[in-house]
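Here is the file entry14.tsv (TSV, C-alpha atoms).
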```
chain	number	residue	atom	x	y	z
A	134	MET	CA	-38.47	36.87	141.66
A	135	THR	CA	-42.01	37.47	140.45
A	136	ASN	CA	-43.11	36.47	136.94
A	137	ASP	CA	-43.82	40.13	136.11
A	138	LEU	CA	-40.30	41.21	137.06
A	139	GLN	CA	-38.77	38.26	135.19
A	140	ASN	CA	-40.75	39.17	132.06
A	141	LYS	CA	-39.49	42.77	132.25
A	142	LEU	CA	-35.90	41.57	132.62
A	143	ASN	CA	-36.33	39.23	129.65
A	144	LYS	CA	-37.65	42.07	127.49
A	145	LEU	CA	-34.74	44.32	128.47
A	146	ARG	CA	-32.31	41.52	127.62
A	147	GLU	CA	-33.95	41.01	124.24
A	148	VAL	CA	-33.68	44.73	123.44
A	149	SER	CA	-30.03	44.89	124.50
A	150	GLU	CA	-29.10	41.83	122.41
A	151	LYS	CA	-30.40	43.49	119.26
A	152	LYS	CA	-27.82	46.27	119.63
A	153	PRO	CA	-24.05	45.87	119.22
A	154	LYS	CA	-21.94	45.97	122.36
A	155	TYR	CA	-19.12	47.77	120.53
A	156	VAL	CA	-18.73	49.78	117.33
A	157	VAL	CA	-15.19	50.05	115.99
A	158	ASN	CA	-13.87	52.38	113.30
A	159	GLN	CA	-11.24	50.79	111.06
A	160	THR	CA	-9.27	51.96	108.05
A	161	HIS	CA	-11.21	53.55	105.18
A	162	ARG	CA	-13.85	54.64	107.69
A	163	LEU	CA	-15.43	51.23	107.93
A	164	PHE	CA	-17.53	51.04	111.09
A	165	HIS	CA	-17.93	47.50	112.41
A	166	ARG	CA	-20.61	46.44	114.87
A	167	ILE	CA	-19.44	43.85	117.40
A	168	PHE	CA	-21.95	41.69	119.27
A	169	VAL	CA	-21.03	39.74	122.42
A	170	PHE	CA	-23.24	37.05	123.98
A	171	ASP	CA	-22.96	34.75	126.98
A	172	LEU	CA	-24.14	31.24	126.04
A	173	ASN	CA	-23.48	29.61	129.41
A	174	SER	CA	-27.17	29.31	130.28
A	175	GLU	CA	-27.82	27.49	126.99
A	176	LEU	CA	-24.72	25.34	126.46
A	177	ASP	CA	-22.08	23.73	128.68
A	178	PRO	CA	-18.63	24.79	127.35
A	179	ASP	CA	-17.15	21.53	128.65
A	180	GLU	CA	-19.22	19.62	126.07
A	181	ILE	CA	-17.54	21.57	123.27
A	182	VAL	CA	-14.10	21.17	124.86
A	183	GLN	CA	-14.57	17.40	124.92
A	184	LEU	CA	-15.73	17.34	121.30
A	185	CYS	CA	-12.70	19.34	120.19
A	186	LYS	CA	-10.28	17.17	122.13
A	187	ASN	CA	-11.83	13.99	120.73
A	188	TYR	CA	-11.58	15.20	117.15
A	189	GLN	CA	-8.08	16.52	117.69
A	190	LYS	CA	-7.00	13.08	118.85
A	191	GLU	CA	-8.87	10.95	116.33
A	192	GLU	CA	-9.57	12.87	113.15
A	193	PHE	CA	-7.19	15.68	112.34
A	194	ARG	CA	-3.51	16.38	111.89
A	195	GLU	CA	-1.86	19.41	113.46
A	196	LYS	CA	-1.78	22.36	111.07
A	197	GLU	CA	-1.28	26.09	110.96
A	198	THR	CA	-2.41	28.72	108.48
A	199	GLN	CA	-0.86	32.01	107.41
A	200	SER	CA	-2.83	33.82	110.13
A	201	VAL	CA	-3.32	31.23	112.91
A	202	TYR	CA	-0.24	29.88	114.69
A	203	ALA	CA	-1.94	27.20	116.76
A	204	TRP	CA	-3.35	23.72	116.27
A	205	ARG	CA	-6.54	23.92	114.27
A	206	SER	CA	-8.93	21.56	112.54
A	207	ASP	CA	-9.90	21.51	108.89
A	208	TYR	CA	-12.64	23.81	107.64
A	209	THR	CA	-15.93	21.98	107.89
A	210	HIS	CA	-18.88	22.92	105.67
A	211	THR	CA	-22.16	22.58	107.52
A	212	ASN	CA	-23.97	21.01	104.57
A	213	LYS	CA	-21.53	18.08	104.55
A	214	ASN	CA	-20.42	18.03	108.15
A	215	PRO	CA	-18.08	15.18	109.16
A	216	MET	CA	-17.79	16.51	112.73
A	217	LYS	CA	-20.92	15.47	114.58
A	218	GLY	CA	-21.88	16.95	117.95
A	219	PHE	CA	-21.47	20.65	117.10
A	220	GLU	CA	-25.05	21.02	115.84
A	221	LYS	CA	-26.40	22.56	119.05
A	222	LEU	CA	-23.66	25.21	119.12
A	223	LEU	CA	-24.17	26.06	115.44
A	224	SER	CA	-27.93	26.38	115.95
A	225	LEU	CA	-27.45	28.62	119.01
A	226	VAL	CA	-25.06	30.88	117.11
A	227	GLU	CA	-27.46	31.20	114.19
A	228	ASN	CA	-30.23	32.10	116.66
A	229	LYS	CA	-28.06	34.76	118.31
A	230	ILE	CA	-27.07	36.27	114.96
A	231	ASN	CA	-30.69	36.40	113.88
A	232	SER	CA	-31.79	37.93	117.21
A	233	THR	CA	-29.91	41.11	116.30
A	234	ASP	CA	-31.27	43.99	114.24
A	235	ASN	CA	-29.53	42.89	111.04
A	236	PRO	CA	-32.08	42.93	108.21
A	237	TYR	CA	-31.16	39.52	106.81
A	238	THR	CA	-31.40	35.98	108.13
A	239	TYR	CA	-27.95	34.38	108.37
A	240	LEU	CA	-26.77	30.78	108.09
A	241	ILE	CA	-23.51	29.24	109.33
A	242	ASP	CA	-21.63	28.26	106.19
A	243	HIS	CA	-18.63	26.53	107.73
A	244	PHE	CA	-16.70	26.24	110.99
A	245	TRP	CA	-13.48	24.97	112.53
A	246	PHE	CA	-11.85	24.88	115.95
A	247	ALA	CA	-8.43	25.89	117.25
A	248	ILE	CA	-6.46	24.95	120.35
A	249	TYR	CA	-3.98	27.55	121.61
A	250	ASN	CA	-1.11	26.69	123.95
A	251	LYS	CA	1.31	29.14	125.55
A	252	GLY	CA	2.99	31.29	122.90
A	253	ASP	CA	0.40	30.55	120.19
A	254	ASN	CA	-1.19	33.49	118.43
A	255	SER	CA	-3.22	34.73	115.50
A	256	LYS	CA	-1.90	37.44	113.20
A	257	LEU	CA	-4.02	40.37	112.05
A	258	HIS	CA	-6.56	39.07	109.54
A	259	ASN	CA	-10.21	39.14	108.55
A	260	HIS	CA	-12.76	36.81	106.96
A	261	ARG	CA	-13.59	39.09	104.06
A	262	VAL	CA	-15.17	36.41	101.84
A	263	VAL	CA	-18.12	35.99	104.25
A	264	ASP	CA	-20.67	38.32	105.81
A	265	LEU	CA	-20.06	37.56	109.51
A	266	ALA	CA	-17.23	35.99	111.52
A	267	CYS	CA	-18.08	34.38	114.85
A	268	VAL	CA	-15.96	32.88	117.61
A	269	TYR	CA	-17.12	30.81	120.60
A	270	TYR	CA	-14.80	30.37	123.58
A	271	ALA	CA	-15.06	26.87	125.06
A	272	SER	CA	-11.96	27.06	127.29
A	273	VAL	CA	-10.21	30.19	128.53
A	274	PRO	CA	-7.35	29.52	130.99
A	275	LEU	CA	-6.14	32.21	133.37
A	276	ASN	CA	-3.94	34.80	131.58
A	277	SER	CA	-5.20	33.80	128.13
A	278	ALA	CA	-4.64	36.34	125.38
A	279	PRO	CA	-7.54	38.68	124.56
A	280	LEU	CA	-9.17	39.22	121.19
A	281	ILE	CA	-7.80	42.49	119.76
A	282	ILE	CA	-9.83	44.46	117.22
A	283	PRO	CA	-7.87	47.48	115.94
A	284	SER	CA	-9.75	50.75	115.70
A	285	ASP	CA	-8.87	54.27	114.60
A	286	ASP	CA	-10.29	55.39	117.95
A	287	GLY	CA	-8.07	53.04	120.01
A	288	ASP	CA	-7.83	49.27	119.84
A	289	LEU	CA	-10.68	47.25	121.33
A	290	SER	CA	-9.53	44.43	123.62
A	291	ILE	CA	-12.10	41.76	124.47
A	292	THR	CA	-11.13	39.43	127.30
A	293	PRO	CA	-13.49	36.49	126.88
A	294	LYS	CA	-14.61	33.94	129.41
A	295	GLU	CA	-15.79	30.40	128.83
A	296	GLY	CA	-19.13	30.50	127.03
A	297	THR	CA	-18.56	33.87	125.34
A	298	LEU	CA	-19.65	34.32	121.73
A	299	VAL	CA	-18.33	37.23	119.64
A	300	ILE	CA	-19.90	38.16	116.29
A	301	MET	CA	-18.31	40.68	113.92
A	302	PRO	CA	-18.49	41.56	110.20
A	303	GLY	CA	-16.31	39.43	107.94
A	304	TYR	CA	-14.33	42.54	106.92
A	305	CYS	CA	-13.45	43.36	110.53
A	306	ASN	CA	-9.70	43.01	111.18
A	307	HIS	CA	-8.79	41.14	114.37
A	308	MET	CA	-5.89	39.31	116.00
A	309	VAL	CA	-4.82	37.35	119.09
A	310	PRO	CA	-1.42	38.20	120.64
A	311	LYS	CA	0.83	35.48	122.03
A	312	SER	CA	-0.88	33.82	124.95
A	313	GLU	CA	0.87	33.80	128.31
A	314	HIS	CA	-1.32	31.23	130.04
A	315	GLU	CA	0.64	28.49	131.78
A	316	ASN	CA	-1.97	25.80	132.38
A	317	GLY	CA	-4.67	24.39	130.16
A	318	GLU	CA	-5.55	25.19	126.57
A	319	ARG	CA	-7.47	28.08	125.03
A	320	ILE	CA	-10.07	26.35	122.84
A	321	ILE	CA	-12.24	28.26	120.38
A	322	VAL	CA	-14.75	27.35	117.69
A	323	ALA	CA	-14.74	29.78	114.75
A	324	MET	CA	-17.73	30.06	112.41
A	325	ASN	CA	-18.45	31.99	109.24
A	326	ALA	CA	-22.00	33.08	108.46
A	327	VAL	CA	-23.54	34.18	105.17
A	328	LYS	CA	-26.81	35.92	104.34
A	329	ASP	CA	-29.74	33.76	103.36
A	330	ARG	CA	-30.59	36.01	100.44
A	331	LEU	CA	-33.99	34.39	100.05
A	332	VAL	CA	-35.08	35.50	103.53
A	333	ARG	CA	-35.12	39.14	104.58
A	334	LYS	CA	-36.46	39.92	108.05
A	335	PHE	CA	-37.71	43.41	107.28
```
Mind turning this structure into structure tokens?
Amino acid sequence: MTNDLQNKLNKLREVSEKKPKYVVNQTHRLFHRIFVFDLNSELDPDEIVQLCKNYQKEEFREKETQSVYAWRSDYTHTNKNPMKGFEKLLSLVENKINSTDNPYTYLIDHFWFAIYNKGDNSKLHNHRVVDLACVYYASVPLNSAPLIIPSDDGDLSITPKEGTLVIMPGYCNHMVPKSEHENGERIIVAMNAVKDRLVRKF
């Protein structure tokens, strides 16, 4: 491939990344813009899988929340981060958020990871206290449950693959039905982002 053709492809990719892949219409006529990125060329998902497994074994107790019925870690604030090794992922996600046409610059405020086995699920919920909710898929076994985002126009079902990053507004309702995968674990890293109100892009 010539340099000229590669440059044109890169410019097209940059333009497409600035626009949402989906727009969903939820209750009260709230339209949510959903961005989806593939991070495989920038990060090896197996590195994140290993990090999660190591911390699951050494640092954290099994726990569930009112919305997530799976093993998950504690919330970890990025400004006092006890879980080292996730910095590259967090930086990549911030870069992807800020590559979109949102007018503000965003910062990852805190993150956590979850490990889903067969039958685990996440009830309908949102992250309304933050501006953006993000999820990175480090491991996606065959027949894993999709991410479901309800919409007045018909529910949106996103079937991720390893290396997929999904970014949505914090107010966007979403859920994960019971997973039917037999082998392996569905491992995700969830992140919440807030506006850096001191920096406005345009």
Legend entry - Two-atom distance - CA of Lys251 (chain A), CA of Arg166 (chain A) (Å):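 That distance, rounded to one decimal, is 29.9 Å.
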Legend entry - Top pick for closest residue to Tyr237 (chain A), considering A:Met308, A:Leu265, A:Leu222, A:Val156 and counting only C-alpha atoms: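 Going through A:Met308, A:Leu265, A:Leu222, A:Val156 one by one, the smallest distance to Tyr237 (chain A) is for A:Leu265.
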Inset, instruction - Name the closest residue to Val169 (chain A) among the candidates A:Asn212, A:Ser284, A:Asn306, A:Thr233; distances are taken between atoms, counting all atoms listed in the file. - result: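 Selected residue with least distance to Val169 (chain A): A:Thr233.
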Taking a cut-off of 12 Å and counting only C-alpha atoms, can you build a table that, for each residue of region 167-190 of chain A near region 295-299 of chain A, reports the nearest atom pair and how far apart they are in Å (one decimal), sorted by chain then residue number, as CSV?
```
residue,atom,partner,partner_atom,distance
A:Ile167,CA,A:Val299,CA,7.1
A:Phe168,CA,A:Val299,CA,5.8
A:Val169,CA,A:Val299,CA,4.6
A:Phe170,CA,A:Leu298,CA,5.0
A:Asp171,CA,A:Thr297,CA,4.8
A:Leu172,CA,A:Gly296,CA,5.2
A:Asn173,CA,A:Gly296,CA,5.0
A:Ser174,CA,A:Gly296,CA,8.8
A:Glu175,CA,A:Gly296,CA,9.2
A:Leu176,CA,A:Gly296,CA,7.6
A:Asp177,CA,A:Gly296,CA,7.6
A:Pro178,CA,A:Gly296,CA,5.7
A:Asp179,CA,A:Glu295,CA,9.0
A:Glu180,CA,A:Gly296,CA,10.9
A:Ile181,CA,A:Gly296,CA,9.8
A:Val182,CA,A:Glu295,CA,10.2
```
Could you pull the residues within 6 Å of region 207-211 of chain A, counting all atoms listed in the file, minus those fewer than 6 positions along the same chain, as a PDB file with C-alpha atoms, keeping the file's coordinate frame?
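To be explicit, this is the file written out as selection-v9.pdb:
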```
ATOM      1  CA  ASP A 242     -21.630  28.260 106.190  1.00  0.00           C
ATOM      2  CA  HIS A 243     -18.630  26.530 107.730  1.00  0.00           C
ATOM      3  CA  PHE A 244     -16.700  26.240 110.990  1.00  0.00           C
ATOM      4  CA  TRP A 245     -13.480  24.970 112.530  1.00  0.00           C
TER       5      TRP A 245
END
```
Inset, instruction - Find the residue from A:Pro283, A:Pro215, A:Gly252, A:Pro236 that sits nearest to Val157 (chain A); use all atoms listed in the file when measuring. - result: A:Pro283
Legend entry - Residues within 12 Å of Tyr188 (chain A), only C-alpha atoms, excluding chain neighbours under 2 positions, as a PyMOL selection string: chain A and resi 181-186+190-195+204-207+215-219+245-248
Inset, instruction - Write out as a count of residues only each polymer residue whose atoms come within 9 Å of Ser232 (chain A), counting all atoms listed in the file; drop sequence neighbours fewer than 4 positions from it. - result: 5
Legend entry - Using all atoms listed in the file: which of A:Asn158, A:Asn187, A:Ser312, A:Asn325 has the shortest distance to Thr292 (chain A):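 Ranked by minimum distance to Thr292 (chain A), first place goes to A:Ser312.
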Inset, instruction - Counting all atoms listed in the file, figure out which residue out of A:Leu289, A:Cys267, A:Ile282, A:Val201 gets nearest to Leu225 (chain A). - result: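 Smallest distance to Leu225 (chain A) is found for A:Cys267.
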Inset, instruction - Can you work out the spacing between CA of Ser277 (chain A) and CA of Ser255 (chain A) in Å, to one decimal? - result: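 Separation between CA of Ser277 (chain A) and CA of Ser255 (chain A): 12.8 Å.
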Inset, instruction - Record the distance separating CA of Lys311 (chain A) and CA of Lys229 (chain A), expressed in Å with one decimal. - result: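 Between these atoms lies a distance of 29.1 Å.
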Legend entry - Nearest-residue call for Ile300 (chain A), choices A:Leu240, A:Leu275, A:Leu163, A:Ile230, using all atoms listed in the file: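 Residue with the minimum atom-to-atom distance to Ile300 (chain A): A:Ile230.
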